[in-house]
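Asks: Data file my_file_24.pdb (PDB, C-alpha atoms) is appended below.
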MODEL        1
ATOM      1  CA  MET H   1      69.522  91.000  82.645  1.00  0.00           C
ATOM      2  CA  LYS H   2      72.974  90.850  81.188  1.00  0.00           C
ATOM      3  CA  SER H   3      74.101  87.470  80.033  1.00  0.00           C
ATOM      4  CA  TYR H   4      76.911  85.585  81.737  1.00  0.00           C
ATOM      5  CA  LEU H   5      79.107  85.942  78.673  1.00  0.00           C
ATOM      6  CA  LEU H   6      78.958  89.744  78.807  1.00  0.00           C
ATOM      7  CA  LEU H   7      79.577  89.804  82.533  1.00  0.00           C
ATOM      8  CA  ALA H   8      82.433  87.352  82.471  1.00  0.00           C
ATOM      9  CA  LEU H   9      84.105  88.571  79.273  1.00  0.00           C
ATOM     10  CA  PRO H  10      86.693  90.797  81.016  1.00  0.00           C
ATOM     11  CA  PHE H  11      87.755  87.918  83.231  1.00  0.00           C
ATOM     12  CA  LEU H  12      87.841  85.483  80.331  1.00  0.00           C
ATOM     13  CA  LEU H  13      90.009  87.801  78.273  1.00  0.00           C
ATOM     14  CA  LEU H  14      92.435  88.163  81.179  1.00  0.00           C
ATOM     15  CA  ALA H  15      92.484  84.418  81.560  1.00  0.00           C
ATOM     16  CA  CYS H  16      93.272  83.686  77.904  1.00  0.00           C
ATOM     17  CA  GLN H  17      97.028  83.529  78.371  1.00  0.00           C
ATOM     18  CA  PRO H  18      99.362  80.576  77.880  1.00  0.00           C
ATOM     19  CA  SER H  19     100.470  78.695  80.986  1.00  0.00           C
ATOM     20  CA  PRO H  20     104.049  79.383  82.104  1.00  0.00           C
ATOM     21  CA  PRO H  21     106.708  76.733  81.591  1.00  0.00           C
ATOM     22  CA  ALA H  22     106.905  74.275  84.459  1.00  0.00           C
ATOM     23  CA  ASN H  23     110.227  75.646  85.683  1.00  0.00           C
ATOM     24  CA  GLU H  24     108.755  79.142  85.966  1.00  0.00           C
ATOM     25  CA  ALA H  25     105.570  78.241  87.864  1.00  0.00           C
ATOM     26  CA  THR H  26     105.202  79.600  91.395  1.00  0.00           C
ATOM     27  CA  THR H  27     102.896  78.788  94.277  1.00  0.00           C
ATOM     28  CA  THR H  28     101.229  82.179  94.644  1.00  0.00           C
ATOM     29  CA  PRO H  29      98.013  83.167  92.854  1.00  0.00           C
ATOM     30  CA  GLU H  30      99.424  86.597  92.098  1.00  0.00           C
ATOM     31  CA  THR H  31     101.885  85.068  89.646  1.00  0.00           C
ATOM     32  CA  ALA H  32     100.085  81.881  88.614  1.00  0.00           C
ATOM     33  CA  THR H  33      98.628  82.392  85.155  1.00  0.00           C
ATOM     34  CA  PRO H  34      94.877  81.657  85.005  1.00  0.00           C
ATOM     35  CA  PRO H  35      94.560  79.820  81.667  1.00  0.00           C
ATOM     36  CA  GLU H  36      91.565  80.120  79.386  1.00  0.00           C
ATOM     37  CA  VAL H  37      88.135  79.317  80.780  1.00  0.00           C
ATOM     38  CA  GLU H  38      86.519  77.446  77.929  1.00  0.00           C
ATOM     39  CA  VAL H  39      82.743  77.640  77.702  1.00  0.00           C
ATOM     40  CA  PRO H  40      81.409  74.055  77.583  1.00  0.00           C
ATOM     41  CA  ALA H  41      78.713  72.694  75.326  1.00  0.00           C
ATOM     42  CA  ALA H  42      75.328  74.019  76.372  1.00  0.00           C
ATOM     43  CA  ASP H  43      73.446  70.732  76.407  1.00  0.00           C
ATOM     44  CA  ARG H  44      75.512  68.542  78.766  1.00  0.00           C
ATOM     45  CA  PHE H  45      73.390  69.309  81.846  1.00  0.00           C
ATOM     46  CA  GLU H  46      70.599  71.237  80.160  1.00  0.00           C
ATOM     47  CA  ALA H  47      67.901  68.855  81.427  1.00  0.00           C
ATOM     48  CA  GLU H  48      68.950  69.386  85.038  1.00  0.00           C
ATOM     49  CA  ILE H  49      68.976  73.153  84.666  1.00  0.00           C
ATOM     50  CA  VAL H  50      65.525  73.067  83.076  1.00  0.00           C
ATOM     51  CA  ALA H  51      64.345  71.025  86.065  1.00  0.00           C
ATOM     52  CA  PHE H  52      65.703  73.716  88.390  1.00  0.00           C
ATOM     53  CA  GLU H  53      63.834  76.368  86.435  1.00  0.00           C
ATOM     54  CA  GLN H  54      60.618  74.370  86.633  1.00  0.00           C
ATOM     55  CA  ALA H  55      61.049  73.938  90.377  1.00  0.00           C
ATOM     56  CA  ASP H  56      61.609  77.677  90.725  1.00  0.00           C
ATOM     57  CA  ARG H  57      58.369  78.420  88.883  1.00  0.00           C
ATOM     58  CA  GLN H  58      56.557  76.054  91.259  1.00  0.00           C
ATOM     59  CA  GLY H  59      57.805  77.976  94.274  1.00  0.00           C
ATOM     60  CA  ASP H  60      61.069  76.192  95.150  1.00  0.00           C
ATOM     61  CA  THR H  61      62.900  79.504  95.470  1.00  0.00           C
ATOM     62  CA  LEU H  62      65.224  81.066  98.017  1.00  0.00           C
ATOM     63  CA  ARG H  63      65.542  84.867  97.740  1.00  0.00           C
ATOM     64  CA  SER H  64      68.024  84.874 100.659  1.00  0.00           C
ATOM     65  CA  GLY H  65      69.254  81.999 102.777  1.00  0.00           C
ATOM     66  CA  VAL H  66      71.926  79.511 101.735  1.00  0.00           C
ATOM     67  CA  LEU H  67      72.368  78.043  98.256  1.00  0.00           C
ATOM     68  CA  PHE H  68      74.582  74.965  97.915  1.00  0.00           C
ATOM     69  CA  THR H  69      75.935  74.494  94.407  1.00  0.00           C
ATOM     70  CA  GLY H  70      78.589  72.653  92.436  1.00  0.00           C
ATOM     71  CA  SER H  71      79.034  69.080  91.315  1.00  0.00           C
ATOM     72  CA  SER H  72      77.675  65.680  92.337  1.00  0.00           C
ATOM     73  CA  SER H  73      79.036  65.849  95.886  1.00  0.00           C
ATOM     74  CA  ILE H  74      76.410  68.564  96.396  1.00  0.00           C
ATOM     75  CA  ARG H  75      73.778  67.028  94.099  1.00  0.00           C
ATOM     76  CA  MET H  76      73.855  63.727  95.996  1.00  0.00           C
ATOM     77  CA  TRP H  77      73.495  65.390  99.411  1.00  0.00           C
ATOM     78  CA  LYS H  78      69.902  64.182  99.794  1.00  0.00           C
ATOM     79  CA  SER H  79      69.751  64.954 103.515  1.00  0.00           C
ATOM     80  CA  LEU H  80      70.895  68.548 103.076  1.00  0.00           C
ATOM     81  CA  ARG H  81      67.730  70.264 104.290  1.00  0.00           C
ATOM     82  CA  GLU H  82      67.480  67.949 107.302  1.00  0.00           C
ATOM     83  CA  ASP H  83      71.196  68.363 108.081  1.00  0.00           C
ATOM     84  CA  MET H  84      70.874  72.138 107.862  1.00  0.00           C
ATOM     85  CA  THR H  85      67.673  72.387 109.926  1.00  0.00           C
ATOM     86  CA  GLY H  86      67.243  75.947 111.144  1.00  0.00           C
ATOM     87  CA  PHE H  87      68.633  77.469 107.962  1.00  0.00           C
ATOM     88  CA  ARG H  88      66.797  78.211 104.717  1.00  0.00           C
ATOM     89  CA  VAL H  89      68.765  76.122 102.210  1.00  0.00           C
ATOM     90  CA  LEU H  90      68.442  75.111  98.577  1.00  0.00           C
ATOM     91  CA  ASN H  91      70.413  72.362  96.826  1.00  0.00           C
ATOM     92  CA  ARG H  92      71.498  73.358  93.331  1.00  0.00           C
ATOM     93  CA  GLY H  93      74.234  70.823  92.655  1.00  0.00           C
ATOM     94  CA  PHE H  94      74.054  69.233  89.218  1.00  0.00           C
ATOM     95  CA  GLY H  95      75.585  66.393  87.244  1.00  0.00           C
ATOM     96  CA  GLY H  96      79.324  66.033  87.435  1.00  0.00           C
ATOM     97  CA  ALA H  97      79.684  69.769  86.956  1.00  0.00           C
ATOM     98  CA  THR H  98      82.898  71.622  86.264  1.00  0.00           C
ATOM     99  CA  ILE H  99      83.424  75.290  87.112  1.00  0.00           C
ATOM    100  CA  PRO H 100      82.875  76.456  83.495  1.00  0.00           C
ATOM    101  CA  GLU H 101      79.499  74.711  83.561  1.00  0.00           C
ATOM    102  CA  VAL H 102      78.546  76.482  86.786  1.00  0.00           C
ATOM    103  CA  LEU H 103      79.509  79.715  85.058  1.00  0.00           C
ATOM    104  CA  ARG H 104      77.510  78.875  81.940  1.00  0.00           C
ATOM    105  CA  TYR H 105      74.279  78.243  83.818  1.00  0.00           C
ATOM    106  CA  SER H 106      74.680  80.633  86.763  1.00  0.00           C
ATOM    107  CA  ASP H 107      72.214  83.246  85.473  1.00  0.00           C
ATOM    108  CA  ARG H 108      69.520  80.611  85.127  1.00  0.00           C
ATOM    109  CA  TYR H 109      69.784  78.749  88.413  1.00  0.00           C
ATOM    110  CA  LEU H 110      72.003  80.658  90.873  1.00  0.00           C
ATOM    111  CA  PHE H 111      71.800  84.437  90.706  1.00  0.00           C
ATOM    112  CA  VAL H 112      67.998  84.438  90.413  1.00  0.00           C
ATOM    113  CA  HIS H 113      67.848  83.313  94.059  1.00  0.00           C
ATOM    114  CA  GLN H 114      69.991  86.126  95.481  1.00  0.00           C
ATOM    115  CA  PRO H 115      71.281  83.958  98.352  1.00  0.00           C
ATOM    116  CA  GLN H 116      72.908  85.412 101.432  1.00  0.00           C
ATOM    117  CA  VAL H 117      75.463  82.589 101.361  1.00  0.00           C
ATOM    118  CA  ILE H 118      76.732  80.374  98.528  1.00  0.00           C
ATOM    119  CA  VAL H 119      78.345  77.092  99.555  1.00  0.00           C
ATOM    120  CA  PHE H 120      80.438  75.996  96.587  1.00  0.00           C
ATOM    121  CA  TYR H 121      81.986  72.599  95.826  1.00  0.00           C
ATOM    122  CA  CYS H 122      83.467  72.314  92.352  1.00  0.00           C
ATOM    123  CA  GLY H 123      86.860  71.847  90.713  1.00  0.00           C
ATOM    124  CA  GLU H 124      87.527  68.179  91.366  1.00  0.00           C
ATOM    125  CA  ASN H 125      85.857  67.140  88.109  1.00  0.00           C
ATOM    126  CA  ASP H 126      87.846  69.787  86.220  1.00  0.00           C
ATOM    127  CA  ILE H 127      91.081  68.057  87.202  1.00  0.00           C
ATOM    128  CA  ALA H 128      89.610  64.595  86.575  1.00  0.00           C
ATOM    129  CA  GLU H 129      88.785  65.768  83.036  1.00  0.00           C
ATOM    130  CA  GLY H 130      92.322  67.020  82.409  1.00  0.00           C
ATOM    131  CA  ALA H 131      92.492  70.580  83.754  1.00  0.00           C
ATOM    132  CA  SER H 132      95.604  71.627  85.636  1.00  0.00           C
ATOM    133  CA  PRO H 133      95.507  72.949  89.221  1.00  0.00           C
ATOM    134  CA  GLU H 134      96.369  76.381  87.809  1.00  0.00           C
ATOM    135  CA  GLN H 135      93.386  76.192  85.474  1.00  0.00           C
ATOM    136  CA  VAL H 136      91.082  75.294  88.349  1.00  0.00           C
ATOM    137  CA  TYR H 137      92.399  78.280  90.294  1.00  0.00           C
ATOM    138  CA  GLY H 138      91.804  80.553  87.291  1.00  0.00           C
ATOM    139  CA  ARG H 139      88.278  79.229  86.819  1.00  0.00           C
ATOM    140  CA  PHE H 140      87.431  79.693  90.497  1.00  0.00           C
ATOM    141  CA  LYS H 141      88.753  83.247  90.344  1.00  0.00           C
ATOM    142  CA  VAL H 142      86.379  84.014  87.461  1.00  0.00           C
ATOM    143  CA  PHE H 143      83.482  82.557  89.457  1.00  0.00           C
ATOM    144  CA  ALA H 144      84.369  84.434  92.652  1.00  0.00           C
ATOM    145  CA  GLU H 145      84.679  87.743  90.814  1.00  0.00           C
ATOM    146  CA  LEU H 146      81.373  87.171  89.050  1.00  0.00           C
ATOM    147  CA  VAL H 147      79.670  86.500  92.400  1.00  0.00           C
ATOM    148  CA  ALA H 148      81.252  89.652  93.847  1.00  0.00           C
ATOM    149  CA  GLU H 149      79.923  91.693  90.915  1.00  0.00           C
ATOM    150  CA  ARG H 150      76.430  90.240  90.853  1.00  0.00           C
ATOM    151  CA  LEU H 151      75.916  89.657  94.591  1.00  0.00           C
ATOM    152  CA  PRO H 152      78.295  92.006  96.426  1.00  0.00           C
ATOM    153  CA  ASP H 153      76.742  91.325  99.848  1.00  0.00           C
ATOM    154  CA  THR H 154      76.745  87.529  99.492  1.00  0.00           C
ATOM    155  CA  LYS H 155      79.182  85.366 101.439  1.00  0.00           C
ATOM    156  CA  LEU H 156      80.947  82.664  99.403  1.00  0.00           C
ATOM    157  CA  LEU H 157      82.120  79.521 101.208  1.00  0.00           C
ATOM    158  CA  TYR H 158      84.516  77.377  99.188  1.00  0.00           C
ATOM    159  CA  LEU H 159      84.709  73.685 100.143  1.00  0.00           C
ATOM    160  CA  SER H 160      88.135  72.327  99.263  1.00  0.00           C
ATOM    161  CA  MET H 161      88.496  69.432  96.838  1.00  0.00           C
ATOM    162  CA  LYS H 162      88.063  66.216  98.768  1.00  0.00           C
ATOM    163  CA  PRO H 163      90.393  63.215  98.995  1.00  0.00           C
ATOM    164  CA  SER H 164      88.758  59.939  97.973  1.00  0.00           C
ATOM    165  CA  PRO H 165      89.819  56.341  97.296  1.00  0.00           C
ATOM    166  CA  GLU H 166      88.680  56.560  93.666  1.00  0.00           C
ATOM    167  CA  ARG H 167      90.733  59.689  92.921  1.00  0.00           C
ATOM    168  CA  TRP H 168      93.581  59.264  95.370  1.00  0.00           C
ATOM    169  CA  ALA H 169      96.095  59.455  92.514  1.00  0.00           C
ATOM    170  CA  MET H 170      94.896  63.017  91.887  1.00  0.00           C
ATOM    171  CA  TRP H 171      95.180  64.138  95.499  1.00  0.00           C
ATOM    172  CA  ASP H 172      98.434  66.059  94.937  1.00  0.00           C
ATOM    173  CA  GLN H 173      96.780  68.009  92.113  1.00  0.00           C
ATOM    174  CA  PHE H 174      93.722  68.741  94.245  1.00  0.00           C
ATOM    175  CA  GLN H 175      95.982  70.078  97.011  1.00  0.00           C
ATOM    176  CA  ARG H 176      97.939  72.229  94.568  1.00  0.00           C
ATOM    177  CA  GLY H 177      94.750  73.781  93.191  1.00  0.00           C
ATOM    178  CA  ASP H 178      93.415  74.389  96.692  1.00  0.00           C
ATOM    179  CA  GLN H 179      96.693  75.964  97.753  1.00  0.00           C
ATOM    180  CA  LEU H 180      96.325  78.567  94.998  1.00  0.00           C
ATOM    181  CA  ILE H 181      92.643  79.121  95.733  1.00  0.00           C
ATOM    182  CA  ARG H 182      93.233  79.495  99.465  1.00  0.00           C
ATOM    183  CA  ALA H 183      95.956  82.097  98.942  1.00  0.00           C
ATOM    184  CA  TYR H 184      93.571  84.052  96.707  1.00  0.00           C
ATOM    185  CA  ILE H 185      90.715  83.780  99.218  1.00  0.00           C
ATOM    186  CA  ASN H 186      92.884  85.161 102.019  1.00  0.00           C
ATOM    187  CA  ASP H 187      92.673  88.604 100.416  1.00  0.00           C
ATOM    188  CA  TYR H 188      88.865  88.667 100.243  1.00  0.00           C
ATOM    189  CA  PRO H 189      86.807  88.822 103.472  1.00  0.00           C
ATOM    190  CA  GLN H 190      83.620  87.913 101.598  1.00  0.00           C
ATOM    191  CA  ILE H 191      85.059  84.469 100.763  1.00  0.00           C
ATOM    192  CA  ASP H 192      85.911  81.708 103.220  1.00  0.00           C
ATOM    193  CA  TYR H 193      87.858  78.491 102.717  1.00  0.00           C
ATOM    194  CA  LEU H 194      86.809  75.234 104.395  1.00  0.00           C
ATOM    195  CA  SER H 195      89.186  72.261 104.387  1.00  0.00           C
ATOM    196  CA  THR H 196      87.128  69.117 103.828  1.00  0.00           C
ATOM    197  CA  ALA H 197      90.263  66.998 104.260  1.00  0.00           C
ATOM    198  CA  LYS H 198      90.307  67.707 108.013  1.00  0.00           C
ATOM    199  CA  THR H 199      87.492  65.224 108.530  1.00  0.00           C
ATOM    200  CA  MET H 200      88.333  62.887 105.658  1.00  0.00           C
ATOM    201  CA  LEU H 201      91.911  61.826 106.412  1.00  0.00           C
ATOM    202  CA  ASP H 202      93.074  59.692 109.322  1.00  0.00           C
ATOM    203  CA  GLU H 203      96.050  60.395 111.575  1.00  0.00           C
ATOM    204  CA  GLU H 204      98.405  58.762 109.051  1.00  0.00           C
ATOM    205  CA  GLY H 205      97.151  60.995 106.260  1.00  0.00           C
ATOM    206  CA  SER H 206      95.239  58.216 104.498  1.00  0.00           C
ATOM    207  CA  VAL H 207      91.706  58.728 103.267  1.00  0.00           C
ATOM    208  CA  LYS H 208      88.950  57.210 105.419  1.00  0.00           C
ATOM    209  CA  ALA H 209      87.208  54.507 103.402  1.00  0.00           C
ATOM    210  CA  ASP H 210      84.129  54.281 105.639  1.00  0.00           C
ATOM    211  CA  ILE H 211      82.772  57.720 104.692  1.00  0.00           C
ATOM    212  CA  PHE H 212      82.137  56.819 101.032  1.00  0.00           C
ATOM    213  CA  ILE H 213      79.519  54.843  99.164  1.00  0.00           C
ATOM    214  CA  GLU H 214      80.527  51.848  97.056  1.00  0.00           C
ATOM    215  CA  ASP H 215      82.007  53.917  94.219  1.00  0.00           C
ATOM    216  CA  GLY H 216      84.756  55.238  96.506  1.00  0.00           C
ATOM    217  CA  LEU H 217      84.057  58.751  95.248  1.00  0.00           C
ATOM    218  CA  HIS H 218      80.826  60.062  96.734  1.00  0.00           C
ATOM    219  CA  LEU H 219      80.037  60.504 100.422  1.00  0.00           C
ATOM    220  CA  ASN H 220      77.737  58.360 102.509  1.00  0.00           C
ATOM    221  CA  ALA H 221      75.688  59.574 105.490  1.00  0.00           C
ATOM    222  CA  LYS H 222      78.740  59.494 107.764  1.00  0.00           C
ATOM    223  CA  GLY H 223      80.733  61.596 105.313  1.00  0.00           C
ATOM    224  CA  TYR H 224      77.983  64.189 104.984  1.00  0.00           C
ATOM    225  CA  ALA H 225      77.590  64.286 108.771  1.00  0.00           C
ATOM    226  CA  ALA H 226      81.239  65.331 109.006  1.00  0.00           C
ATOM    227  CA  TRP H 227      80.718  68.089 106.423  1.00  0.00           C
ATOM    228  CA  THR H 228      77.599  69.209 108.287  1.00  0.00           C
ATOM    229  CA  ALA H 229      79.547  69.562 111.525  1.00  0.00           C
ATOM    230  CA  GLN H 230      82.051  71.804 109.744  1.00  0.00           C
ATOM    231  CA  ILE H 231      79.578  73.952 107.816  1.00  0.00           C
ATOM    232  CA  ARG H 232      76.814  74.619 110.367  1.00  0.00           C
ATOM    233  CA  PRO H 233      78.944  76.794 112.724  1.00  0.00           C
ATOM    234  CA  LEU H 234      80.015  78.934 109.772  1.00  0.00           C
ATOM    235  CA  LEU H 235      76.438  79.442 108.619  1.00  0.00           C
ATOM    236  CA  THR H 236      75.475  80.454 112.124  1.00  0.00           C
ATOM    237  CA  LYS H 237      78.244  83.054 112.075  1.00  0.00           C
ATOM    238  CA  TYR H 238      77.316  84.384 108.632  1.00  0.00           C
ATOM    239  CA  LEU H 239      73.598  84.662 109.339  1.00  0.00           C
ATOM    240  CA  GLU H 240      73.668  86.121 112.846  1.00  0.00           C
TER     241      GLU H 240
ENDMDL
END
Could I get this structure in the form of structure tokens?
Replies:
Amino acid sequence: MKSYLLLALPFLLLACQPSPPANEATTTPETATPPEVEVPAADRFEAEIVAFEQADRQGDTLRSGVLFTGSSSIRMWKSLREDMTGFRVLNRGFGGATIPEVLRYSDRYLFVHQPQVIVFYCGENDIAEGASPEQVYGRFKVFAELVAERLPDTKLLYLSMKPSPERWAMWDQFQRGDQLIRAYINDYPQIDYLSTAKTMLDEEGSVKADIFIEDGLHLNAKGYAAWTAQIRPLLTKYLE
């Protein structure tokens, strides 16, 4: 099996370009410059990936069905299998992952399962750690193209970056990154975009505080119930 680095190298080389000056930036992904996707240190979430590999060897495998992956908003979805009753699902969210970390470990925990659908939530931590919205768009593009190459028949569902009380100051950046990603997705029928904000903002456009646990960042049962109501109809459509 080819390594991720060999597979992703063409995309990484294309992405290694300087960002345009602020006064030259546009809102379309065709002209937004995807900056460099830096490969993170290998050991940050190594223990969690090893745990996935051990679970796989013990029979916790998918080989079709729906694989949920990304950062802690997926990892902490403890009721996922119950919420998605009727579908074969596997939770492969880890740590406070960024998109480069998903890319780094994807051969070891994602592609081995050959899912029919990938539900992907990642990018919020990238911005929280200093990445620009344009960088998040560029990183997602690398991931989407890698999925298309490795799993050409797999549907990819992108969950938009969520508003939250803890990161409300970053909400404009999240929306900018999602705007670029959504415009890119519109050209690819194998990828869908789901707006999490539809169920997370009130009529005044403020974030709902009662759908989060005490940290103001991660969802509680009510928050995950709202995501479930959005995702289940799409899975039904994909897996008919």
Asks: Given only C-alpha atoms as the basis, pick out the residue of H:Ile191, H:Ala183, H:Ala229, H:Leu67 nearest to Val112 in chain H.
Replies: H:Leu67
Asks: Give me the result of the PyMOL selection byres ((chain H and resi 234) around 12) on this file, residue by residue, as a list in words.
Replies: Val66, Met84, Phe87, Val117, Ile118, Val119, Lys155, Leu156, Leu157, Tyr158, Leu159, Ile191, Asp192, Tyr193, Leu194, Trp227, Thr228, Ala229, Gln230, Ile231, Arg232, Pro233, Leu235, Thr236, Lys237, Tyr238, Leu239 and Glu240 of chain H
Asks: Which one of H:Gly96, H:Gly123, H:Gly223, H:Pro133 sits closest to Gln173 in chain H if you count all atoms listed in the file?
Replies: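 Selected residue with least distance to Gln173 in chain H: H:Pro133.
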Asks: For the file shown, report as a list of chain:residue names the outcome of the PyMOL selection byres ((chain H and resi 122) around 10) at residue level.
Replies: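 With the shown file as input, the PyMOL selection byres ((chain H and resi 122) around 10) matches H:Thr69, H:Gly70, H:Ser71, H:Ser72, H:Ser73, H:Ile74, H:Gly93, H:Gly96, H:Ala97, H:Thr98, H:Ile99, H:Pro100, H:Glu101, H:Val102, H:Phe120, H:Tyr121, H:Gly123, H:Glu124, H:Asn125, H:Asp126, H:Val136, H:Phe140, H:Tyr158, H:Leu159, H:Ser160, H:Met161, H:Lys162.
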Asks: Write out the residues from the selection above, keeping C-alpha atoms, as an mmCIF file, in the frame of the given file.
Replies:
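Generated output (result24.cif):
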data_model
loop_
_atom_site.group_PDB
_atom_site.id
_atom_site.type_symbol
_atom_site.label_atom_id
_atom_site.label_comp_id
_atom_site.auth_asym_id
_atom_site.auth_seq_id
_atom_site.Cartn_x
_atom_site.Cartn_y
_atom_site.Cartn_z
ATOM 1 C CA THR H 69 75.935 74.494 94.407
ATOM 2 C CA GLY H 70 78.589 72.653 92.436
ATOM 3 C CA SER H 71 79.034 69.080 91.315
ATOM 4 C CA SER H 72 77.675 65.680 92.337
ATOM 5 C CA SER H 73 79.036 65.849 95.886
ATOM 6 C CA ILE H 74 76.410 68.564 96.396
ATOM 7 C CA GLY H 93 74.234 70.823 92.655
ATOM 8 C CA GLY H 96 79.324 66.033 87.435
ATOM 9 C CA ALA H 97 79.684 69.769 86.956
ATOM 10 C CA THR H 98 82.898 71.622 86.264
ATOM 11 C CA ILE H 99 83.424 75.290 87.112
ATOM 12 C CA PRO H 100 82.875 76.456 83.495
ATOM 13 C CA GLU H 101 79.499 74.711 83.561
ATOM 14 C CA VAL H 102 78.546 76.482 86.786
ATOM 15 C CA PHE H 120 80.438 75.996 96.587
ATOM 16 C CA TYR H 121 81.986 72.599 95.826
ATOM 17 C CA GLY H 123 86.860 71.847 90.713
ATOM 18 C CA GLU H 124 87.527 68.179 91.366
ATOM 19 C CA ASN H 125 85.857 67.140 88.109
ATOM 20 C CA ASP H 126 87.846 69.787 86.220
ATOM 21 C CA VAL H 136 91.082 75.294 88.349
ATOM 22 C CA PHE H 140 87.431 79.693 90.497
ATOM 23 C CA TYR H 158 84.516 77.377 99.188
ATOM 24 C CA LEU H 159 84.709 73.685 100.143
ATOM 25 C CA SER H 160 88.135 72.327 99.263
ATOM 26 C CA MET H 161 88.496 69.432 96.838
ATOM 27 C CA LYS H 162 88.063 66.216 98.768
#
Asks: If the PyMOL selection byres ((chain H and resi 143-149) around 10) is run on the structure shown, which residues does it catch, given as a VMD selection string?
Replies: chain H and resid 4 7 to 8 11 99 to 100 102 to 103 106 110 to 111 118 137 to 142 150 to 156 158 185 188 190 to 191
Asks: Restricting the calculation to all atoms listed in the file, which member of H:Arg44, H:Lys208, H:Met170, H:Pro189 is positioned closest to Gly130 in chain H?
Replies: H:Met170
Asks: Would you compute an axis-aligned box for range 76-79 of chain H, covering every atom listed for it in the file with 4 Å of margin on each side, and report centre and edge lengths in Å to one decimal as lines of an AutoDock Vina configuration file?
Replies:
center_x = 71.8
center_y = 64.6
center_z = 99.8
size_x = 12.1
size_y = 9.7
size_z = 15.5
Asks: Could you work out how far CA of His113 in chain H lies from CA of Thr61 in chain H, giving the answer in Å with one decimal?
Replies: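 According to the coordinates, CA of Thr61 in chain H and CA of His113 in chain H are separated by 6.4 Å.
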Asks: Provide the CA of Leu180 in chain H to CA of Met76 in chain H distance in Å, to one decimal place.
Replies: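 So the answer is 26.9 Å.
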Asks: Need to verify the contact set: Trp171 in chain H, 12 Å, all atoms listed in the file, exclusion of same-chain residues closer than 2 positions in sequence. Can you return it as an mmCIF file with C-alpha atoms, in the frame of the given file?
Replies:
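Heads up, here's the output in out.cif:
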data_model
loop_
_atom_site.group_PDB
_atom_site.id
_atom_site.type_symbol
_atom_site.label_atom_id
_atom_site.label_comp_id
_atom_site.auth_asym_id
_atom_site.auth_seq_id
_atom_site.Cartn_x
_atom_site.Cartn_y
_atom_site.Cartn_z
ATOM 1 C CA GLU H 124 87.527 68.179 91.366
ATOM 2 C CA ILE H 127 91.081 68.057 87.202
ATOM 3 C CA ALA H 128 89.610 64.595 86.575
ATOM 4 C CA PRO H 133 95.507 72.949 89.221
ATOM 5 C CA SER H 160 88.135 72.327 99.263
ATOM 6 C CA MET H 161 88.496 69.432 96.838
ATOM 7 C CA LYS H 162 88.063 66.216 98.768
ATOM 8 C CA PRO H 163 90.393 63.215 98.995
ATOM 9 C CA SER H 164 88.758 59.939 97.973
ATOM 10 C CA PRO H 165 89.819 56.341 97.296
ATOM 11 C CA GLU H 166 88.680 56.560 93.666
ATOM 12 C CA ARG H 167 90.733 59.689 92.921
ATOM 13 C CA TRP H 168 93.581 59.264 95.370
ATOM 14 C CA ALA H 169 96.095 59.455 92.514
ATOM 15 C CA GLN H 173 96.780 68.009 92.113
ATOM 16 C CA PHE H 174 93.722 68.741 94.245
ATOM 17 C CA GLN H 175 95.982 70.078 97.011
ATOM 18 C CA ARG H 176 97.939 72.229 94.568
ATOM 19 C CA GLY H 177 94.750 73.781 93.191
ATOM 20 C CA ASP H 178 93.415 74.389 96.692
ATOM 21 C CA ALA H 197 90.263 66.998 104.260
ATOM 22 C CA LEU H 201 91.911 61.826 106.412
ATOM 23 C CA GLY H 205 97.151 60.995 106.260
ATOM 24 C CA SER H 206 95.239 58.216 104.498
ATOM 25 C CA VAL H 207 91.706 58.728 103.267
#
Asks: If you measure from CA of Arg92 in chain H to CA of Ile49 in chain H, what distance in Å do you get, rounded to one decimal?
Replies: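 CA of Arg92 in chain H sits 9.0 Å away from CA of Ile49 in chain H.
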Asks: Compare H:Ala51, H:Leu219, H:Leu80, H:Leu62 by their minimum atom-to-atom distance to Gln116 in chain H, counting all atoms listed in the file, and give me the closest one.
Replies: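 Going through H:Ala51, H:Leu219, H:Leu80, H:Leu62 one by one, the smallest distance to Gln116 in chain H is for H:Leu62.
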